[in-house]
Amino acid sequence: MKKKLYLLVFLLAASIFDLKAQVKISGLVQNEEHVGIEYATICVDSIFTLTDKEGRFALEIPGNIKSPMTCSHISYKKKMIPYSQYKGGNVCVVMEDRVYDIAEASVAARKGKVTTILRKGMKLPGDVAFGNAPSGKIEIGPKFKASDNFIIDYFNLHIEECTYEQCTLRLIVYKVVEGQFEPVSSKPIYINLSSENKNSDVKIMTNSPITLQKGNEYFVGLSIVSGSQGTIHFPAALRKGIARNVVKGTMKNLPATVGIAVTGRRLPAK
């Protein structure tokens, strides 16, 4: 009886130890030209991290987790890495370019008259803030329906307060269809900010064509992806918005969000 009890205690202790054991994984994410990919999301069973400027990352997961590793970035096709390939603690991931269909009319649209696609919305007493160690996990921003076919030129937003010594804001435009988010910008837009941006307006130019189609719903997702400890505050606006968990893929509709304006030009009629 005692032998059975000792065996049970041993097995229980072993299982607890196994749950607490951590596996450290380090790796490199590159494109097909072997150039490191910055700010790619690396996720294993809801535990995630972002790659640095050289495409390197480090992740620590419980020893009992054997889920596939997911590597994602809007400029590249999502890639799944099985446990057998990363269990050794080191992994190199090569991601394939994602092809975006850029409308030919977008070139001609640049010569058209500048128009406001989305206004900031009525300012509310409160604000929208990101704080503590940035991770890029949560995206917040306005949701809107395109009243015509447009190409976006730039975005405008106001920063009320910034205590980060240095941080990076990421902006991505998505088309929203039945709760699914499909990026329509071929590259994220990154904006470096600091405490000097306190109480200032920021104009964010597009770095690749972003086209909108009449009647479709879109989401402008903002997130802080790097920086030291701090907070950044934006004015809140009375406008439909979304808070989206990038890792879990969940979202929540909001009655107010970051006040950001979108400016561009109408696409020529076909």
# chains A, B, ... in the order shown; residues from 1 in each chain; ligands from 1
call {"tool": "residues_around", "arguments": {"residues": "Gly112 of chain A", "least_positions_apart": "4", "cutoff": "9 Å", "atoms": "only C-alpha atoms", "output": "MDAnalysis selection string"}}
result
chainID A and resid 108 265:268
call {"tool": "residues_around", "arguments": {"residues": "Met122 of chain A", "least_positions_apart": "6", "cutoff": "12 Å", "atoms": "only C-alpha atoms", "output": "list in words"}}
result
Pro235, Ala236, Ala237, Leu238, Arg239, Lys240, Pro255, Ala256, Thr257, Val258, Gly259, Ile260 and Ala261 of chain A
call {"tool": "select_by_dssp", "arguments": {"residues": "segment 22-264 of chain A", "states": "helix (DSSP H, G or I)", "output": "PyMOL selection string"}}
result
chain A and resi 83-86+105-109+195-197
call {"tool": "select_by_dssp", "arguments": {"residues": "segment 33-229 of chain A", "states": "strand (DSSP E)", "output": "NGL selection string"}}
result
:A and (41-44 or 47-50 or 56-62 or 69-73 or 76-81 or 90-94 or 114-118 or 122-131 or 138-145 or 150-159 or 161-162 or 167-177 or 180-183 or 189-193 or 200-205 or 211-212 or 217-227)
call {"tool": "closest_atom_pairs", "arguments": {"of": "segment 100-178 of chain A", "to": "segment 57-78 of chain A", "cutoff": "12 Å", "atoms": "only C-alpha atoms", "output": "JSON lines"}}
result
{"residue": "A:Tyr100", "atom": "CA", "partner": "A:Ser75", "partner_atom": "CA", "distance": 8.8}
{"residue": "A:Gly136", "atom": "CA", "partner": "A:His73", "partner_atom": "CA", "distance": 11.9}
{"residue": "A:Arg170", "atom": "CA", "partner": "A:Ile74", "partner_atom": "CA", "distance": 11.8}
{"residue": "A:Leu171", "atom": "CA", "partner": "A:Ile74", "partner_atom": "CA", "distance": 11.3}
{"residue": "A:Ile172", "atom": "CA", "partner": "A:Ile74", "partner_atom": "CA", "distance": 8.6}
{"residue": "A:Val173", "atom": "CA", "partner": "A:Ile74", "partner_atom": "CA", "distance": 10.2}
{"residue": "A:Tyr174", "atom": "CA", "partner": "A:Ile74", "partner_atom": "CA", "distance": 10.0}
call {"tool": "atom_distance", "arguments": {"atom1": "atom CA of Gly264 of chain A", "atom2": "atom CA of Ile37 of chain A"}}
result
28.9 Å
call {"tool": "decode", "arguments": {"residues": "segment 38-50 of chain A", "atoms": "all heavy atoms", "output": "PDB file, in the first residue's frame"}}
result
ATOM      1  N   GLU A  38      11.011  42.497 -39.347  1.00  0.00           N
ATOM      2  CA  GLU A  38      10.757  43.203 -38.094  1.00  0.00           C
ATOM      3  C   GLU A  38       9.281  43.139 -37.701  1.00  0.00           C
ATOM      4  O   GLU A  38       8.402  43.212 -38.551  1.00  0.00           O
ATOM      5  CB  GLU A  38      11.175  44.666 -38.250  1.00  0.00           C
ATOM      6  CG  GLU A  38      11.054  45.501 -36.998  1.00  0.00           C
ATOM      7  CD  GLU A  38      11.503  46.930 -37.216  1.00  0.00           C
ATOM      8  OE1 GLU A  38      11.544  47.383 -38.390  1.00  0.00           O
ATOM      9  OE2 GLU A  38      11.806  47.614 -36.219  1.00  0.00           O
ATOM     10  N   TYR A  39       9.017  43.002 -36.413  1.00  0.00           N
ATOM     11  CA  TYR A  39       7.668  43.012 -35.836  1.00  0.00           C
ATOM     12  C   TYR A  39       6.749  41.917 -36.388  1.00  0.00           C
ATOM     13  O   TYR A  39       5.539  42.105 -36.510  1.00  0.00           O
ATOM     14  CB  TYR A  39       7.002  44.380 -36.022  1.00  0.00           C
ATOM     15  CG  TYR A  39       7.738  45.514 -35.367  1.00  0.00           C
ATOM     16  CD1 TYR A  39       7.955  46.709 -36.053  1.00  0.00           C
ATOM     17  CD2 TYR A  39       8.247  45.395 -34.074  1.00  0.00           C
ATOM     18  CE1 TYR A  39       8.644  47.757 -35.463  1.00  0.00           C
ATOM     19  CE2 TYR A  39       8.938  46.437 -33.482  1.00  0.00           C
ATOM     20  CZ  TYR A  39       9.134  47.616 -34.176  1.00  0.00           C
ATOM     21  OH  TYR A  39       9.811  48.647 -33.590  1.00  0.00           O
ATOM     22  N   ALA A  40       7.322  40.772 -36.742  1.00  0.00           N
ATOM     23  CA  ALA A  40       6.482  39.605 -37.046  1.00  0.00           C
ATOM     24  C   ALA A  40       5.976  39.052 -35.715  1.00  0.00           C
ATOM     25  O   ALA A  40       6.673  39.097 -34.703  1.00  0.00           O
ATOM     26  CB  ALA A  40       7.282  38.542 -37.779  1.00  0.00           C
ATOM     27  N   THR A  41       4.740  38.554 -35.701  1.00  0.00           N
ATOM     28  CA  THR A  41       4.152  38.004 -34.478  1.00  0.00           C
ATOM     29  C   THR A  41       4.427  36.508 -34.402  1.00  0.00           C
ATOM     30  O   THR A  41       4.076  35.762 -35.319  1.00  0.00           O
ATOM     31  CB  THR A  41       2.634  38.252 -34.438  1.00  0.00           C
ATOM     32  OG1 THR A  41       2.385  39.652 -34.488  1.00  0.00           O
ATOM     33  CG2 THR A  41       2.031  37.697 -33.159  1.00  0.00           C
ATOM     34  N   ILE A  42       5.048  36.075 -33.321  1.00  0.00           N
ATOM     35  CA  ILE A  42       5.349  34.662 -33.089  1.00  0.00           C
ATOM     36  C   ILE A  42       4.463  34.188 -31.944  1.00  0.00           C
ATOM     37  O   ILE A  42       4.496  34.757 -30.851  1.00  0.00           O
ATOM     38  CB  ILE A  42       6.831  34.454 -32.705  1.00  0.00           C
ATOM     39  CG1 ILE A  42       7.751  35.188 -33.686  1.00  0.00           C
ATOM     40  CG2 ILE A  42       7.154  32.977 -32.636  1.00  0.00           C
ATOM     41  CD1 ILE A  42       7.623  34.749 -35.110  1.00  0.00           C
ATOM     42  N   CYS A  43       3.667  33.156 -32.166  1.00  0.00           N
ATOM     43  CA  CYS A  43       2.687  32.736 -31.171  1.00  0.00           C
ATOM     44  C   CYS A  43       2.660  31.213 -31.027  1.00  0.00           C
ATOM     45  O   CYS A  43       2.646  30.487 -32.020  1.00  0.00           O
ATOM     46  CB  CYS A  43       1.304  33.242 -31.572  1.00  0.00           C
ATOM     47  SG  CYS A  43      -0.003  32.857 -30.402  1.00  0.00           S
ATOM     48  N   VAL A  44       2.667  30.758 -29.764  1.00  0.00           N
ATOM     49  CA  VAL A  44       2.489  29.345 -29.448  1.00  0.00           C
ATOM     50  C   VAL A  44       1.440  29.253 -28.349  1.00  0.00           C
ATOM     51  O   VAL A  44       1.668  29.688 -27.218  1.00  0.00           O
ATOM     52  CB  VAL A  44       3.809  28.684 -28.969  1.00  0.00           C
ATOM     53  CG1 VAL A  44       3.553  27.217 -28.608  1.00  0.00           C
ATOM     54  CG2 VAL A  44       4.889  28.785 -30.026  1.00  0.00           C
ATOM     55  N   ASP A  45       0.265  28.743 -28.688  1.00  0.00           N
ATOM     56  CA  ASP A  45      -0.798  28.524 -27.707  1.00  0.00           C
ATOM     57  C   ASP A  45      -1.087  29.783 -26.878  1.00  0.00           C
ATOM     58  O   ASP A  45      -1.110  29.752 -25.653  1.00  0.00           O
ATOM     59  CB  ASP A  45      -0.420  27.370 -26.779  1.00  0.00           C
ATOM     60  CG  ASP A  45      -1.612  26.843 -25.985  1.00  0.00           C
ATOM     61  OD1 ASP A  45      -2.674  26.654 -26.590  1.00  0.00           O
ATOM     62  OD2 ASP A  45      -1.464  26.653 -24.771  1.00  0.00           O
ATOM     63  N   SER A  46      -1.289  30.929 -27.539  1.00  0.00           N
ATOM     64  CA  SER A  46      -1.622  32.240 -26.955  1.00  0.00           C
ATOM     65  C   SER A  46      -0.449  32.910 -26.243  1.00  0.00           C
ATOM     66  O   SER A  46      -0.586  34.013 -25.723  1.00  0.00           O
ATOM     67  CB  SER A  46      -2.821  32.147 -26.003  1.00  0.00           C
ATOM     68  OG  SER A  46      -2.447  31.661 -24.720  1.00  0.00           O
ATOM     69  N   ILE A  47       0.719  32.262 -26.191  1.00  0.00           N
ATOM     70  CA  ILE A  47       1.929  32.915 -25.682  1.00  0.00           C
ATOM     71  C   ILE A  47       2.647  33.482 -26.902  1.00  0.00           C
ATOM     72  O   ILE A  47       2.902  32.772 -27.870  1.00  0.00           O
ATOM     73  CB  ILE A  47       2.832  31.925 -24.941  1.00  0.00           C
ATOM     74  CG1 ILE A  47       2.071  31.300 -23.771  1.00  0.00           C
ATOM     75  CG2 ILE A  47       4.099  32.600 -24.445  1.00  0.00           C
ATOM     76  CD1 ILE A  47       2.786  30.131 -23.132  1.00  0.00           C
ATOM     77  N   PHE A  48       2.978  34.777 -26.858  1.00  0.00           N
ATOM     78  CA  PHE A  48       3.475  35.384 -28.093  1.00  0.00           C
ATOM     79  C   PHE A  48       4.566  36.411 -27.815  1.00  0.00           C
ATOM     80  O   PHE A  48       4.781  36.867 -26.690  1.00  0.00           O
ATOM     81  CB  PHE A  48       2.329  36.048 -28.851  1.00  0.00           C
ATOM     82  CG  PHE A  48       1.987  37.422 -28.345  1.00  0.00           C
ATOM     83  CD1 PHE A  48       2.338  38.546 -29.065  1.00  0.00           C
ATOM     84  CD2 PHE A  48       1.335  37.589 -27.132  1.00  0.00           C
ATOM     85  CE1 PHE A  48       2.054  39.808 -28.587  1.00  0.00           C
ATOM     86  CE2 PHE A  48       1.029  38.843 -26.654  1.00  0.00           C
ATOM     87  CZ  PHE A  48       1.394  39.970 -27.384  1.00  0.00           C
ATOM     88  N   THR A  49       5.231  36.791 -28.900  1.00  0.00           N
ATOM     89  CA  THR A  49       6.224  37.854 -28.856  1.00  0.00           C
ATOM     90  C   THR A  49       6.344  38.437 -30.257  1.00  0.00           C
ATOM     91  O   THR A  49       5.753  37.927 -31.218  1.00  0.00           O
ATOM     92  CB  THR A  49       7.589  37.325 -28.368  1.00  0.00           C
ATOM     93  OG1 THR A  49       8.472  38.429 -28.145  1.00  0.00           O
ATOM     94  CG2 THR A  49       8.214  36.382 -29.392  1.00  0.00           C
ATOM     95  N   LEU A  50       7.113  39.524 -30.378  1.00  0.00           N
ATOM     96  CA  LEU A  50       7.375  40.146 -31.672  1.00  0.00           C
ATOM     97  C   LEU A  50       8.862  40.052 -31.982  1.00  0.00           C
ATOM     98  O   LEU A  50       9.707  40.087 -31.081  1.00  0.00           O
ATOM     99  CB  LEU A  50       6.954  41.620 -31.660  1.00  0.00           C
ATOM    100  CG  LEU A  50       5.480  41.931 -31.412  1.00  0.00           C
ATOM    101  CD1 LEU A  50       5.276  43.436 -31.334  1.00  0.00           C
ATOM    102  CD2 LEU A  50       4.604  41.340 -32.504  1.00  0.00           C
TER     103      LEU A  50
END
